[in-house]
2 protein chains.
Amino acid sequence: MELTQHSVHFTAETPSNGVLVRDFTVGEVTGALWSPAASASTRAPLVLMGHGGGNHSKSPAMAGRAERLVNGAGFHVATIDAPGHGDRPRTPHDEREITLMQQKMAAGEPVGEIVVRYNAHLAERAVPEWLATLDALQELPEIGAEGPVGYYGLNMGTAIGVPLTASEPRITAAVLGLFWYDETLAEAARRITVPIEFALQRDDEHIPLPSGLALFDAFASKQKSLHINSGSHKELPRFEADSAVRFFARHLTVDGSTA
Amino acid sequence: MELTQHSVHFTAETPSNGVLVRDFTVGEVTGALWSPAASASTRAPLVLMGHGGGNHSKSPAMAGRAERLVNGAGFHVATIDAPGHGDRPRTPHDEREITLMQQKMAAGEPVGEIVVRYNAHLAERAVPEWLATLDALQELPEIGAEGPVGYYGLNMGTAIGVPLTASEPRITAAVLGLFWYDETLAEAARRITVPIEFALQRDDEHIPLPSGLALFDAFASKQKSLHINSGSHKELPRFEADSAVRFFARHLTVDGSTA
């Protein structure tokens, strides 16, 4: 995307389960801002939330986690569509990589190498988009330039979130996980010193435990927690989303309070 | 201890931070029952809580965790002094093993082997005591014979809790951790199928991560979670006690509710 400073443009507004969902654009980036319906204009900490591969900014997983963060801790939550995701256009490079990934999946072959490679490419495009979005969101009075900011993203949301958190000092706490060790990603993790909560699945059919554990170990953070749950890649327990709410409440609020 | 059926005898009663602490004996076993001060006679789930080595049933760690379980979820919590702990007499065998352990600690030598051996010995004495205590507690109207029962114990509390949980079907959920893999202990873990939450410290100077991870892996439980936090053996974060409250609320109550 071009690097001109853009503002947040709200394009739709939907109340849902106590949450006001405001669709927005920042330049060509599309996303949604999730806020307490009863106090959407009240200043509160912001959690940036990145979706997984093949998903989008308003997927059920994003909506579920956003609702927990809004209703559980009174936060604002911003989700954006990654490049080539949601309604955003795919490049020929995106098409080639996605086709290759789908072929490997269909053939039952290991997908780690292609996912790591393609997600690293997406991260290079997504990190500047996140920074422009954060700049724009911080112009809103309910967020502000001085408020605490967290990042929450698993799978591709970690591939993007690690270099984002490493390069952006405004992010002071992050929940990550479900991704492979990779030297480039680990190099970024080694520059991260903010508190981290990291999730892995013990019976992950894609990510071997030693690979995920090596990525967790790479973070320079003094305070870091690894949650390993039984179950396959897609069976991350829902209570981990509640754990993330409490993690952000501990690190983004003065008294660590949740509702 | 003799296997005669004993009843609970309350010997003292102290209110503290919303919790009614009732010292008790069951035969020669000494312990404390922690209940909501405002509803101590109301039926609620029971959590059995085992202390660590060299500690006792009313140590600050036990009091802190009991208060969280009582105030956070309305549970009753029972702690008992392990054999040779608190005011309970030590045998010559206890004295020899403790002296050896202290010598190794003072010399900076690895203590895993002696701790595992001595705690396995204590577990053989402690498990029947826990069963007699549970029998007696279930005669109390506020606990009852049909109520849900959990077990919570780290360090030596895990060395005792694993064989206890393996042999006692009344225990339907357990929080354990901070202990080494050992073949005898793992054999008991392989017979446990109830939900488990297990804690390890990433920088534990006594328990190497692969050893703790191997013990976690031994549990046959379909639902199990491992929490690995940065920090040394004694630096387990306090928020793990809050996590334990939510774990027991999920598994011992109908609606998973905490206060």
# chains A, B, ... in the order shown; residues from 1 in each chain; ligands from 1
call {"tool": "select_by_dssp", "arguments": {"residues": "segment 40-212 of chain A", "states": "strand (DSSP E)", "output": "PyMOL selection string"}}
result
chain A and resi 46-50+76-80+149-153+171-177+196-201
call {"tool": "interface_residues", "arguments": {"of": "chain B", "to": "chain A", "cutoff": "10 Å", "atoms": "only C-alpha atoms", "output": "PyMOL selection string"}}
result
chain B and resi 197-202+217+221-231+237+239+242-243+246-247+250
call {"tool": "residues_around", "arguments": {"residues": "Ala32 of chain B", "least_positions_apart": "6", "cutoff": "8 Å", "atoms": "only C-alpha atoms", "output": "ChimeraX atom specification"}}
result
/B:21-24,57-58,78-80
call {"tool": "write_last_selection", "arguments": {"atoms": "C-alpha atoms", "output": "short mmCIF file (atom, residue, chain, number, x, y, z; two decimals), in the first residue's frame"}}
result
data_model
loop_
_atom_site.label_atom_id
_atom_site.label_comp_id
_atom_site.auth_asym_id
_atom_site.auth_seq_id
_atom_site.Cartn_x
_atom_site.Cartn_y
_atom_site.Cartn_z
CA VAL B 21 -10.79 -21.75 58.36
CA ARG B 22 -11.64 -24.79 60.47
CA ASP B 23 -8.71 -26.80 61.82
CA PHE B 24 -9.54 -30.47 62.01
CA SER B 57 -1.45 -27.52 55.59
CA LYS B 58 -1.73 -23.84 56.57
CA ALA B 78 -9.35 -29.31 52.47
CA THR B 79 -5.62 -29.28 53.22
CA ILE B 80 -3.89 -31.91 55.36
#
call {"tool": "residues_around", "arguments": {"residues": "segment 150-154 of chain A", "least_positions_apart": "3", "cutoff": "6 Å", "atoms": "only C-alpha atoms", "output": "ChimeraX atom specification"}}
result
/A:47-50,157-158,171-178
call {"tool": "write_last_selection", "arguments": {"atoms": "C-alpha atoms", "output": "PDB file, in the first residue's frame"}}
result
ATOM      1  CA  VAL A  47      -6.048  -4.992  21.046  1.00  0.00           C
ATOM      2  CA  LEU A  48      -4.975  -5.528  17.425  1.00  0.00           C
ATOM      3  CA  MET A  49      -6.138  -8.948  16.296  1.00  0.00           C
ATOM      4  CA  GLY A  50      -4.752 -10.814  13.281  1.00  0.00           C
ATOM      5  CA  GLY A 157      -1.656 -14.072  12.816  1.00  0.00           C
ATOM      6  CA  THR A 158       1.583 -15.092  14.550  1.00  0.00           C
ATOM      7  CA  ILE A 171       2.632  -2.975  21.325  1.00  0.00           C
ATOM      8  CA  THR A 172       3.357  -3.906  24.946  1.00  0.00           C
ATOM      9  CA  ALA A 173       1.873  -7.429  25.248  1.00  0.00           C
ATOM     10  CA  ALA A 174       1.070 -10.196  22.749  1.00  0.00           C
ATOM     11  CA  VAL A 175      -0.793 -13.507  22.561  1.00  0.00           C
ATOM     12  CA  LEU A 176       0.637 -15.721  19.813  1.00  0.00           C
ATOM     13  CA  GLY A 177       0.984 -19.362  18.863  1.00  0.00           C
ATOM     14  CA  LEU A 178       0.292 -22.290  16.550  1.00  0.00           C
TER      15      LEU A 178
END
call {"tool": "closest_residue", "arguments": {"among": "B:Ala249, B:Met156, B:Leu137, B:Ala44", "to": "His56 of chain B", "atoms": "only C-alpha atoms"}}
result
B:Met156
call {"tool": "atom_distance", "arguments": {"atom1": "atom CA of His51 of chain A", "atom2": "atom CA of Ile160 of chain A"}}
result
9.5 Å
